[in-house]
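Structure below is run_15.cif: mmCIF, C-alpha atoms and all ligand atoms.
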```
data_entry
loop_
_atom_site.label_atom_id
_atom_site.label_comp_id
_atom_site.auth_asym_id
_atom_site.auth_seq_id
_atom_site.Cartn_x
_atom_site.Cartn_y
_atom_site.Cartn_z
CA MET A 1 -6.33 9.62 -28.85
CA ASN A 2 -7.53 11.83 -26.02
CA LEU A 3 -5.53 14.75 -24.70
CA VAL A 4 -4.53 13.12 -21.44
CA LEU A 5 -3.12 10.03 -23.13
CA GLU A 6 -1.39 12.16 -25.75
CA ARG A 7 0.24 14.27 -23.05
CA TYR A 8 1.22 11.15 -21.07
CA LEU A 9 2.95 9.57 -24.07
CA LYS A 10 4.59 12.86 -25.04
CA GLU A 11 5.85 13.45 -21.48
CA LYS A 12 7.23 9.91 -21.34
CA ALA A 13 9.09 10.41 -24.61
CA THR A 14 10.37 13.86 -23.60
CA ASN A 15 11.53 12.57 -20.22
CA LYS A 16 13.43 9.77 -21.85
CA GLU A 17 15.00 12.15 -24.37
CA SER A 18 16.04 14.60 -21.70
CA ASP A 19 17.33 11.79 -19.47
CA ASP A 20 19.49 10.55 -22.35
CA LYS A 21 20.70 14.09 -23.03
CA ASP A 22 21.38 14.70 -19.34
CA ILE A 23 23.52 11.61 -19.16
CA ALA A 24 25.42 12.57 -22.31
CA ASN A 25 26.00 16.18 -21.22
CA SER A 26 26.39 15.71 -17.52
CA ASP A 27 29.54 16.64 -15.82
CA LYS A 28 31.68 13.53 -15.83
CA GLY A 29 32.76 14.24 -12.26
CA LEU A 30 29.17 14.19 -11.10
CA ASP A 31 28.58 10.97 -12.95
CA ASP A 32 31.60 9.38 -11.28
CA LEU A 33 30.49 10.73 -7.92
CA ILE A 34 27.10 9.09 -8.30
CA ARG A 35 28.51 5.81 -9.56
CA SER A 36 31.11 5.61 -6.81
CA ARG A 37 29.06 6.89 -3.87
CA VAL A 38 25.42 5.94 -4.38
CA LYS A 39 24.80 2.43 -3.01
CA LYS A 40 24.79 -0.10 -5.83
CA GLY A 41 21.32 -1.36 -4.89
CA ILE A 42 19.93 2.20 -5.09
CA GLN A 43 21.58 2.89 -8.47
CA ASP A 44 19.67 -0.08 -9.87
CA LEU A 45 16.32 0.90 -8.29
CA SER A 46 13.57 2.93 -9.94
CA ALA A 47 11.86 5.56 -7.79
CA TYR A 48 8.30 4.73 -6.70
CA SER A 49 6.42 6.62 -9.36
CA ILE A 50 2.78 7.47 -9.58
CA PRO A 51 1.41 7.62 -13.11
CA LEU A 52 -0.56 10.60 -14.42
CA ASN A 53 -3.64 11.46 -12.41
CA GLU A 54 -5.61 13.79 -14.59
CA CYS A 55 -8.22 11.40 -15.93
CA PRO A 56 -11.82 12.29 -15.11
CA VAL A 57 -12.26 8.85 -13.54
CA LYS A 58 -9.34 8.00 -11.27
CA LEU A 59 -9.34 4.36 -10.18
CA ASP A 60 -5.61 3.70 -9.89
CA GLY A 61 -4.55 4.49 -6.32
CA ASN A 62 -6.60 2.26 -3.99
CA GLU A 63 -7.85 5.42 -2.31
CA SER A 64 -11.41 5.98 -1.10
CA PRO A 65 -13.54 7.96 -3.56
CA PHE A 66 -15.37 9.65 -0.68
CA SER A 67 -14.20 12.83 1.00
CA LEU A 68 -15.40 14.14 4.36
CA PRO A 69 -19.10 14.70 5.09
CA GLU A 70 -19.92 18.43 5.46
CA GLU A 71 -20.39 18.39 9.25
CA ILE A 72 -17.08 16.58 9.85
CA LEU A 73 -15.33 18.93 7.43
CA TYR A 74 -16.63 21.86 9.47
CA LYS A 75 -15.27 20.33 12.71
CA VAL A 76 -11.91 19.69 11.02
CA GLN A 77 -11.70 23.32 9.88
CA GLU A 78 -12.48 24.55 13.39
CA GLU A 79 -9.81 22.24 14.82
CA ILE A 80 -7.21 23.39 12.31
CA LYS A 81 -7.83 27.04 13.19
CA LYS A 82 -6.69 26.26 16.73
CA ILE A 83 -3.37 24.64 15.74
CA PRO A 84 -0.27 26.69 16.69
CA ILE A 85 1.43 26.20 13.34
CA ASN A 86 4.62 27.97 14.53
CA ARG A 87 5.18 25.26 17.17
CA TYR A 88 6.41 21.71 16.78
CA PRO A 89 3.66 19.11 17.14
CA ASP A 90 3.27 16.72 20.06
CA PRO A 91 6.25 14.43 19.35
CA ASP A 92 4.39 11.31 20.52
CA ALA A 93 0.96 12.19 19.04
CA THR A 94 -0.39 11.12 22.43
CA SER A 95 -3.98 12.09 21.88
CA ILE A 96 -4.33 10.10 18.62
CA ARG A 97 -2.58 7.08 20.09
CA THR A 98 -4.91 7.19 23.09
CA LYS A 99 -7.99 7.36 20.86
CA ILE A 100 -6.74 4.43 18.75
CA SER A 101 -5.99 2.51 21.93
CA ASN A 102 -9.54 3.14 23.19
CA PHE A 103 -11.35 1.96 20.10
CA THR A 104 -9.11 -1.06 19.47
CA SER A 105 -8.65 -1.96 23.18
CA PHE A 106 -4.93 -2.26 22.44
CA PRO A 107 -2.45 -0.80 24.95
CA SER A 108 -1.11 2.56 23.76
CA GLU A 109 2.51 1.58 24.65
CA GLY A 110 2.30 -0.91 21.78
CA ILE A 111 0.99 1.63 19.26
CA LEU A 112 3.29 3.66 16.99
CA LEU A 113 2.31 6.07 14.25
CA GLY A 114 3.99 6.73 10.93
CA ASN A 115 3.81 9.21 8.09
CA GLY A 116 1.77 6.62 6.22
CA SER A 117 2.42 2.94 6.82
CA ASP A 118 5.20 3.34 4.24
CA GLU A 119 7.23 5.07 6.93
CA LEU A 120 6.45 2.30 9.41
CA ILE A 121 7.67 -0.30 6.88
CA GLU A 122 10.94 1.62 6.66
CA MET A 123 11.21 1.89 10.46
CA LEU A 124 10.58 -1.84 10.81
CA ILE A 125 13.27 -2.78 8.29
CA ILE A 126 15.79 -0.40 9.85
CA THR A 127 15.10 -1.82 13.32
CA PHE A 128 14.81 -5.52 12.58
CA SER A 129 17.74 -6.21 10.32
CA GLY A 130 20.36 -6.85 12.95
CA GLY A 131 20.47 -10.64 12.66
CA THR A 132 20.81 -12.11 9.18
CA GLY A 133 19.91 -8.90 7.33
CA LYS A 134 17.42 -10.88 5.24
CA ILE A 135 13.82 -9.77 4.70
CA LEU A 136 11.26 -12.25 3.36
CA PHE A 137 8.01 -11.51 1.52
CA PRO A 138 5.87 -13.37 -0.99
CA VAL A 139 5.67 -11.95 -4.52
CA PRO A 140 3.88 -10.30 -6.17
CA THR A 141 3.14 -7.94 -3.30
CA PHE A 142 3.35 -4.30 -2.26
CA SER A 143 6.51 -2.85 -3.84
CA MET A 144 7.67 -0.91 -0.77
CA PHE A 145 8.88 -4.07 1.06
CA LYS A 146 11.52 -4.65 -1.61
CA LEU A 147 12.30 -1.01 -2.30
CA VAL A 148 13.24 -0.25 1.32
CA THR A 149 15.06 -3.58 1.79
CA VAL A 150 17.28 -2.95 -1.23
CA ALA A 151 17.75 0.75 -0.47
CA LEU A 152 19.15 -0.20 2.93
CA GLY A 153 21.56 -2.69 1.38
CA LEU A 154 19.74 -5.70 2.84
CA GLU A 155 18.83 -8.98 1.16
CA PRO A 156 15.26 -9.55 -0.06
CA LEU A 157 14.02 -13.15 -0.02
CA GLU A 158 11.14 -13.35 -2.49
CA VAL A 159 8.94 -16.44 -2.44
CA GLU A 160 6.51 -16.68 -5.32
CA LEU A 161 2.82 -17.01 -4.47
CA ASP A 162 1.04 -20.09 -5.79
CA GLU A 163 -1.24 -20.03 -8.83
CA ARG A 164 -4.18 -18.93 -6.63
CA PHE A 165 -2.07 -16.07 -5.26
CA ASP A 166 -1.92 -17.79 -1.86
CA ILE A 167 1.26 -18.36 0.17
CA ASP A 168 3.39 -21.28 -1.01
CA ILE A 169 3.77 -22.59 2.50
CA LYS A 170 6.16 -25.44 1.72
CA GLU A 171 8.66 -23.15 -0.01
CA THR A 172 8.21 -20.39 2.60
CA LEU A 173 8.91 -22.77 5.51
CA LYS A 174 11.94 -24.09 3.65
CA VAL A 175 13.36 -20.59 3.15
CA LEU A 176 12.53 -19.70 6.77
CA LYS A 177 14.50 -22.69 7.98
CA GLU A 178 17.47 -22.23 5.67
CA LYS A 179 17.84 -18.42 5.70
CA ASN A 180 16.33 -17.39 9.04
CA PRO A 181 15.11 -13.92 7.92
CA ASP A 182 14.96 -11.12 10.48
CA LEU A 183 11.63 -9.91 9.18
CA ILE A 184 8.73 -11.29 7.15
CA PHE A 185 6.07 -9.14 5.50
CA LEU A 186 2.66 -10.62 4.70
CA ALA A 187 0.12 -8.18 3.24
CA SER A 188 -3.32 -9.70 3.77
CA PRO A 189 -5.39 -8.77 1.78
CA ASN A 190 -2.45 -8.63 -0.57
CA ASN A 191 -1.80 -5.81 -3.02
CA PRO A 192 -2.13 -6.08 -6.02
CA THR A 193 -3.75 -9.55 -5.98
CA GLY A 194 -6.60 -8.55 -3.60
CA ASN A 195 -6.95 -11.86 -1.74
CA CYS A 196 -6.47 -12.69 1.93
CA PHE A 197 -3.87 -15.38 2.53
CA THR A 198 -5.08 -18.59 4.20
CA GLU A 199 -5.18 -18.02 7.95
CA GLY A 200 -3.58 -21.38 8.80
CA LYS A 201 -0.59 -20.53 6.60
CA ILE A 202 -0.09 -17.14 8.27
CA ILE A 203 -0.18 -18.79 11.70
CA GLU A 204 2.27 -21.48 10.58
CA ILE A 205 4.70 -18.79 9.44
CA ILE A 206 4.35 -16.86 12.71
CA GLU A 207 4.97 -20.05 14.69
CA ASN A 208 7.94 -21.17 12.60
CA SER A 209 9.71 -17.84 12.30
CA ARG A 210 12.57 -16.99 14.61
CA GLY A 211 12.29 -13.36 13.48
CA ILE A 212 9.46 -10.81 13.37
CA VAL A 213 6.34 -11.37 11.26
CA VAL A 214 4.49 -8.27 10.07
CA VAL A 215 0.93 -8.72 8.85
CA ASP A 216 0.16 -5.62 6.79
CA GLU A 217 -3.59 -5.06 7.15
CA ALA A 218 -3.87 -1.97 4.93
CA TYR A 219 -7.09 -3.37 3.41
CA CYS A 220 -8.49 -5.34 6.37
CA ASP A 221 -11.61 -3.16 6.68
CA PHE A 222 -12.76 -4.54 3.33
CA SER A 223 -12.11 -8.18 4.31
CA GLY A 224 -13.27 -8.04 7.93
CA LYS A 225 -10.30 -10.23 8.87
CA THR A 226 -7.67 -9.13 11.39
CA TYR A 227 -4.89 -10.71 13.41
CA LEU A 228 -4.73 -7.90 15.98
CA ASN A 229 -6.25 -10.03 18.71
CA ILE A 230 -3.55 -12.72 18.53
CA ILE A 231 -0.59 -10.44 19.29
CA ASP A 232 -1.08 -11.45 22.91
CA LYS A 233 -0.34 -15.06 22.02
CA HIS A 234 2.36 -14.42 19.42
CA GLU A 235 4.94 -11.95 20.63
CA ASN A 236 6.83 -11.87 17.31
CA LEU A 237 3.74 -10.56 15.49
CA ILE A 238 3.36 -6.93 14.40
CA ILE A 239 0.28 -5.52 12.67
CA LEU A 240 0.26 -2.56 10.29
CA ARG A 241 -2.81 -0.50 9.43
CA THR A 242 -3.34 2.72 7.50
CA MET A 243 -5.95 5.47 7.28
CA SER A 244 -5.14 5.85 3.57
CA LYS A 245 -7.68 3.38 2.22
CA LEU A 246 -10.50 4.72 4.38
CA GLY A 247 -10.72 8.24 2.98
CA PHE A 248 -7.63 9.87 4.49
CA ALA A 249 -4.75 9.17 2.11
CA GLY A 250 -3.91 12.88 2.15
CA ILE A 251 -3.14 13.11 5.86
CA ARG A 252 -0.60 10.23 5.75
CA LEU A 253 -1.28 8.27 8.91
CA GLY A 254 -0.12 4.69 9.39
CA ILE A 255 -0.57 2.67 12.59
CA LEU A 256 1.59 -0.08 14.05
CA PHE A 257 0.50 -2.51 16.78
CA GLY A 258 2.95 -4.76 18.58
CA LYS A 259 4.29 -5.81 21.95
CA ALA A 260 5.36 -2.74 23.95
CA GLU A 261 8.95 -4.05 24.15
CA LEU A 262 9.17 -4.22 20.34
CA ALA A 263 7.47 -0.83 19.89
CA LYS A 264 10.08 0.65 22.23
CA GLU A 265 12.91 -0.50 19.95
CA ILE A 266 11.18 0.68 16.75
CA ASN A 267 10.43 4.03 18.36
CA LYS A 268 14.19 4.70 18.65
CA VAL A 269 14.48 5.09 14.86
CA ARG A 270 11.33 7.18 14.46
CA LEU A 271 12.25 10.68 13.30
CA PRO A 272 11.14 13.36 15.76
CA PHE A 273 7.75 14.94 15.02
CA ASN A 274 6.96 12.48 12.22
CA ILE A 275 3.22 13.13 12.60
CA ASN A 276 2.71 16.79 11.78
CA SER A 277 0.24 18.97 13.67
CA LEU A 278 -2.26 19.20 10.79
CA THR A 279 -2.47 15.41 10.57
CA GLN A 280 -2.81 15.19 14.33
CA GLY A 281 -5.59 17.82 14.25
CA VAL A 282 -7.58 16.10 11.48
CA ALA A 283 -7.11 12.65 13.04
CA ASN A 284 -8.28 13.93 16.41
CA VAL A 285 -11.60 14.91 14.87
CA ILE A 286 -12.23 11.91 12.65
CA LEU A 287 -11.29 9.34 15.26
CA ASP A 288 -14.13 10.62 17.44
CA ASP A 289 -16.77 9.35 15.04
CA LEU A 290 -15.93 6.70 12.47
CA SER A 291 -19.53 5.81 11.58
CA PHE A 292 -19.33 7.52 8.16
CA VAL A 293 -16.16 5.55 7.41
CA ARG A 294 -17.95 2.28 8.17
CA GLU A 295 -20.82 3.23 5.87
CA ASN A 296 -18.38 4.04 3.06
CA VAL A 297 -16.58 0.72 3.54
CA GLN A 298 -19.90 -1.12 3.24
CA LEU A 299 -20.76 0.71 0.05
CA ILE A 300 -17.34 0.02 -1.48
CA THR A 301 -17.57 -3.67 -0.56
CA LYS A 302 -20.99 -3.89 -2.20
CA GLU A 303 -19.72 -2.09 -5.30
CA ARG A 304 -16.69 -4.41 -5.43
CA GLU A 305 -18.99 -7.40 -5.80
CA ARG A 306 -21.04 -5.61 -8.47
CA VAL A 307 -17.92 -4.71 -10.49
CA TYR A 308 -16.52 -8.23 -10.10
CA ASN A 309 -19.76 -9.84 -11.29
CA SER A 310 -19.97 -7.42 -14.21
CA ILE A 311 -16.48 -8.09 -15.57
CA LYS A 312 -15.81 -11.73 -14.68
CA ASN A 313 -17.86 -13.09 -17.57
CA LEU A 314 -16.60 -10.71 -20.25
CA SER A 315 -14.94 -12.73 -22.93
CA GLY A 316 -11.15 -12.68 -22.61
CA VAL A 317 -11.27 -11.27 -19.06
CA GLU A 318 -10.12 -13.28 -16.06
CA ALA A 319 -11.12 -11.44 -12.87
CA PHE A 320 -9.71 -12.49 -9.49
CA SER A 321 -12.11 -12.31 -6.57
CA SER A 322 -11.05 -9.69 -4.04
CA ASP A 323 -11.16 -9.05 -0.30
CA ALA A 324 -9.91 -5.47 -0.74
CA ASN A 325 -11.08 -2.18 -2.31
CA PHE A 326 -9.72 -3.10 -5.74
CA ILE A 327 -9.87 -5.94 -8.24
CA LEU A 328 -7.04 -7.52 -10.21
CA PHE A 329 -7.97 -8.87 -13.63
CA ARG A 330 -6.22 -10.30 -16.66
CA VAL A 331 -6.95 -9.41 -20.28
CA LYS A 332 -5.43 -10.50 -23.60
CA ASP A 333 -3.34 -7.34 -24.05
CA ALA A 334 -3.06 -5.30 -20.85
CA ASP A 335 -0.96 -2.46 -22.30
CA LYS A 336 -3.51 -1.88 -25.08
CA THR A 337 -6.53 -2.12 -22.76
CA PHE A 338 -4.87 0.25 -20.27
CA LYS A 339 -4.31 2.90 -22.95
CA GLU A 340 -7.77 2.46 -24.42
CA LEU A 341 -9.33 2.97 -20.99
CA ILE A 342 -7.35 6.20 -20.58
CA ASP A 343 -8.73 7.20 -23.97
CA LYS A 344 -12.17 6.76 -22.48
CA GLY A 345 -11.22 8.88 -19.48
CA VAL A 346 -10.68 6.00 -17.01
CA LEU A 347 -7.32 5.60 -15.28
CA ILE A 348 -6.53 2.25 -13.65
CA ARG A 349 -3.16 0.63 -12.85
CA ASN A 350 -1.17 -1.50 -15.25
CA PHE A 351 0.75 -4.36 -13.61
CA ASN A 352 1.66 -6.15 -16.82
CA SER A 353 5.04 -7.84 -16.32
CA PRO A 354 6.40 -11.32 -17.04
CA GLY A 355 5.33 -13.99 -14.55
CA ARG A 356 2.28 -14.12 -12.28
CA LEU A 357 1.06 -10.64 -13.29
CA GLU A 358 1.33 -11.09 -17.04
CA ASN A 359 -1.37 -8.95 -18.73
CA CYS A 360 -2.85 -8.00 -15.35
CA LEU A 361 -4.56 -4.70 -14.55
CA ARG A 362 -5.88 -3.42 -11.22
CA VAL A 363 -8.97 -1.29 -10.80
CA THR A 364 -9.77 0.53 -7.56
CA ILE A 365 -13.43 0.57 -6.54
CA GLY A 366 -14.79 4.09 -6.81
CA LYS A 367 -18.20 5.72 -6.62
CA PRO A 368 -20.99 3.80 -8.39
CA GLU A 369 -20.92 6.15 -11.40
CA GLU A 370 -17.13 5.84 -11.71
CA ASN A 371 -17.36 2.05 -11.56
CA GLU A 372 -20.04 2.21 -14.22
CA ALA A 373 -17.73 4.24 -16.49
CA PHE A 374 -15.06 1.57 -16.00
CA ILE A 375 -17.39 -1.39 -16.65
CA GLU A 376 -18.87 0.34 -19.69
CA GLY A 377 -15.43 1.28 -21.04
CA LEU A 378 -13.96 -2.18 -20.54
CA SER A 379 -16.99 -3.89 -22.09
CA GLN A 380 -16.72 -1.68 -25.19
CA ILE A 381 -12.98 -2.33 -25.53
CA ILE A 382 -13.44 -6.09 -25.15
CA SER A 383 -16.24 -6.26 -27.69
CA SER A 384 -14.55 -4.02 -30.29
C1 LIG A 401 -0.28 -3.42 1.35
C2 LIG A 401 0.01 -1.98 1.53
N1 LIG A 401 0.66 -1.56 2.62
C3 LIG A 401 0.93 -0.27 2.83
C4 LIG A 401 0.56 0.70 1.91
C5 LIG A 401 0.96 2.13 2.15
O1 LIG A 401 -0.02 2.83 2.77
P1 LIG A 401 0.22 4.32 3.30
O2 LIG A 401 -0.57 5.21 2.41
O3 LIG A 401 -0.29 4.29 4.70
O4 LIG A 401 1.69 4.61 3.25
C6 LIG A 401 -0.12 0.32 0.76
C7 LIG A 401 -0.50 1.35 -0.23
O5 LIG A 401 -0.94 1.14 -1.31
C8 LIG A 401 -0.40 -1.05 0.56
O6 LIG A 401 -1.03 -1.46 -0.54
#
```
As a first step, turn the structure in this file into structure tokens.
Amino acid sequence: MNLVLERYLKEKATNKESDDKDIANSDKGLDDLIRSRVKKGIQDLSAYSIPLNECPVKLDGNESPFSLPEEILYKVQEEIKKIPINRYPDPDATSIRTKISNFTSFPSEGILLGNGSDELIEMLIITFSGGTGKILFPVPTFSMFKLVTVALGLEPLEVELDERFDIDIKETLKVLKEKNPDLIFLASPNNPTGNCFTEGKIIEIIENSRGIVVVDEAYCDFSGKTYLNIIDKHENLIILRTMSKLGFAGIRLGILFGKAELAKEINKVRLPFNINSLTQGVANVILDDLSFVRENVQLITKERERVYNSIKNLSGVEAFSSDANFILFRVKDADKTFKELIDKGVLIRNFNSPGRLENCLRVTIGKPEENEAFIEGLSQIISS
């Protein structure tokens, strides 16, 4: 067993031991306080946790493997030197919103920024839960939709995807009609399944919903498919994007596009200064020239196809074709394969759970040599 895996297993065991001890020793008053005052839904939740990240090859987070080119890094450093760090940032991040408006040709009054699109998801659920208090999303999907819904004491409506991981339109329309959710989240491409949902089904949902439909386009640069241009026609449609998958996960910048009237309502729950001055400074530089980002996206897309073709025929592996920067695949024993890959220095994400994701693992596309380490490692594990 390698050191990283050993430490991971030891930490897990120690955490559990100390959790058990904490519960046994904890002040009973504190325990009662938590049980009586923390919302029931939150008591039952698990915090969003990121597994260990010390493997030499890190392909678990759907991040970009590429950092900034030298000349852009230099410009960023120069920009950061100028930032008055003792002052609050521009509360409306006007300059970034204007730049985004210019390159998307979308009016800036309909653009809102978040501390990652995670924050925008939270703002959306806070804002649009004043009708039935029900939030619909297909499952499996990005975990944040449910986490925030439950944390706010609202009701999640989960509709299972079909066996091809596409929307079950009949069931979705039925639930829409019966439960009239305030908000619907559709991540397309979907995480962790990697596929785009069928366009006709997305449109049918937008047209049949009496609430807001959010198409989360976190991975749209890898699919080339966007619904941004139909907001004009469908006023209940909101689009989410993020800089996280394009090489900027560290600056935490999510983008929301919607009708100005809707953006105005959502903006009321935005915490002041949610986009800090360092993020604004970095974004100001990178948004001036996105050509290196486009090149990286092309390379990742090409690598995605190479990885897919390399693993899809391995015996006992079922790989699902992807429109994103990661690939979901099924093996005979996901827990074992996951640990054995860590042993070989490759960290991916384990989604093994009963149901649609049984024995499923997700690998993020990295640099060619990292992908090679993954392919090589998986092939060895499968053939051993
Ligand atoms: C579908 C989807 N939406 C949103 C996010 C969150 O992105 P951000 O880093 O902007 O908070 C993720 C992150 O993995 C995602 O997969």
Can you pull out the residues contacting segment 79-81 of chain A? Cut-off 7 Å, using only C-alpha atoms, and skip same-chain residues under 4 positions away; I want them as number ranges by chain. A: 75, 278, 281
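Residues with any atom within 7 Å of Val213 of chain A, counting only C-alpha atoms and excluding same-chain neighbours fewer than 6 positions away, are Leu183, Ile184, Phe185, Ile206, Asn236, Leu237 and Ile238 of chain A.
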Which protein, DNA or RNA residues have an atom within 8 Å of ligand LIG 401 (chain A), counting all atoms listed in the file, as a short mmCIF file (atom, residue, chain, number, x, y, z; two decimals) with C-alpha atoms, keeping the file's coordinate frame?
```cif
data_model
loop_
_atom_site.label_atom_id
_atom_site.label_comp_id
_atom_site.auth_asym_id
_atom_site.auth_seq_id
_atom_site.Cartn_x
_atom_site.Cartn_y
_atom_site.Cartn_z
CA GLY A 61 -4.55 4.49 -6.32
CA ASN A 62 -6.60 2.26 -3.99
CA GLY A 114 3.99 6.73 10.93
CA ASN A 115 3.81 9.21 8.09
CA GLY A 116 1.77 6.62 6.22
CA SER A 117 2.42 2.94 6.82
CA ASP A 118 5.20 3.34 4.24
CA GLU A 119 7.23 5.07 6.93
CA ILE A 121 7.67 -0.30 6.88
CA THR A 141 3.14 -7.94 -3.30
CA PHE A 142 3.35 -4.30 -2.26
CA MET A 144 7.67 -0.91 -0.77
CA ALA A 187 0.12 -8.18 3.24
CA SER A 188 -3.32 -9.70 3.77
CA PRO A 189 -5.39 -8.77 1.78
CA ASN A 190 -2.45 -8.63 -0.57
CA ASN A 191 -1.80 -5.81 -3.02
CA PRO A 192 -2.13 -6.08 -6.02
CA ASP A 216 0.16 -5.62 6.79
CA GLU A 217 -3.59 -5.06 7.15
CA ALA A 218 -3.87 -1.97 4.93
CA TYR A 219 -7.09 -3.37 3.41
CA LEU A 240 0.26 -2.56 10.29
CA ARG A 241 -2.81 -0.50 9.43
CA THR A 242 -3.34 2.72 7.50
CA MET A 243 -5.95 5.47 7.28
CA SER A 244 -5.14 5.85 3.57
CA LYS A 245 -7.68 3.38 2.22
CA ALA A 249 -4.75 9.17 2.11
CA ARG A 252 -0.60 10.23 5.75
CA LEU A 253 -1.28 8.27 8.91
CA GLY A 254 -0.12 4.69 9.39
#
```
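The space separating atom CA of Asp44 of chain A from atom CA of Leu347 of chain A comes to 28.1 Å.
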Nearest to Asp92 of chain A by atom-to-atom distance, counting all atoms listed in the file, from A:Val76, A:Glu109, A:Lys177, A:Ile382: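 Closest to Asp92 of chain A of all the choices is A:Glu109.
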Nearest candidate to Arg330 of chain A (options A:Val363, A:Val214, A:Ile286, A:Leu33; using all atoms listed in the file):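 Comparing A:Val363, A:Val214, A:Ile286, A:Leu33 against Arg330 of chain A, the winner is A:Val363.
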Could you tell me how far atom CA of Leu299 of chain A sits from atom CA of Gly366 of chain A, in Å to one decimal place? 9.7 Å
Using atom CA of Pro181 of chain A and atom CA of Pro354 of chain A as the two end points, give the distance in Å to one decimal.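 Between these atoms lies a distance of 26.6 Å.
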Which residues come within 12 Å of segment 166-173 of chain A, counting only C-alpha atoms, excluding same-chain residues fewer than 3 positions away, as a ChimeraX atom specification? /A:136-141,157-163,176-181,184-190,193-210,356
Could you pull segment 141-167 of chain A out of the structure just shown and give C-alpha atoms as a PDB file, in the first residue's frame?
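After the write, result24.pdb holds the following:
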```
ATOM      1  CA  THR A 141     -26.586  15.134 -10.731  1.00  0.00           C
ATOM      2  CA  PHE A 142     -24.424  17.772  -9.068  1.00  0.00           C
ATOM      3  CA  SER A 143     -24.842  17.357  -5.295  1.00  0.00           C
ATOM      4  CA  MET A 144     -25.128  21.073  -4.493  1.00  0.00           C
ATOM      5  CA  PHE A 145     -28.726  21.311  -5.817  1.00  0.00           C
ATOM      6  CA  LYS A 146     -29.936  18.946  -3.105  1.00  0.00           C
ATOM      7  CA  LEU A 147     -27.578  20.117  -0.376  1.00  0.00           C
ATOM      8  CA  VAL A 148     -28.759  23.736  -0.545  1.00  0.00           C
ATOM      9  CA  THR A 149     -32.425  22.767  -0.995  1.00  0.00           C
ATOM     10  CA  VAL A 150     -32.388  20.616   2.130  1.00  0.00           C
ATOM     11  CA  ALA A 151     -30.259  23.062   4.129  1.00  0.00           C
ATOM     12  CA  LEU A 152     -32.879  25.739   3.518  1.00  0.00           C
ATOM     13  CA  GLY A 153     -35.671  23.434   4.676  1.00  0.00           C
ATOM     14  CA  LEU A 154     -37.182  23.137   1.190  1.00  0.00           C
ATOM     15  CA  GLU A 155     -38.441  20.042  -0.603  1.00  0.00           C
ATOM     16  CA  PRO A 156     -36.262  18.372  -3.246  1.00  0.00           C
ATOM     17  CA  LEU A 157     -38.101  16.605  -6.077  1.00  0.00           C
ATOM     18  CA  GLU A 158     -35.679  14.067  -7.543  1.00  0.00           C
ATOM     19  CA  VAL A 159     -36.563  12.458 -10.867  1.00  0.00           C
ATOM     20  CA  GLU A 160     -34.322   9.587 -11.861  1.00  0.00           C
ATOM     21  CA  LEU A 161     -32.544   9.834 -15.216  1.00  0.00           C
ATOM     22  CA  ASP A 162     -33.249   7.063 -17.715  1.00  0.00           C
ATOM     23  CA  GLU A 163     -30.828   4.206 -18.381  1.00  0.00           C
ATOM     24  CA  ARG A 164     -28.919   6.378 -20.900  1.00  0.00           C
ATOM     25  CA  PHE A 165     -28.599   9.122 -18.270  1.00  0.00           C
ATOM     26  CA  ASP A 166     -31.003  11.317 -20.248  1.00  0.00           C
ATOM     27  CA  ILE A 167     -34.026  13.126 -18.779  1.00  0.00           C
TER      28      ILE A 167
END
```
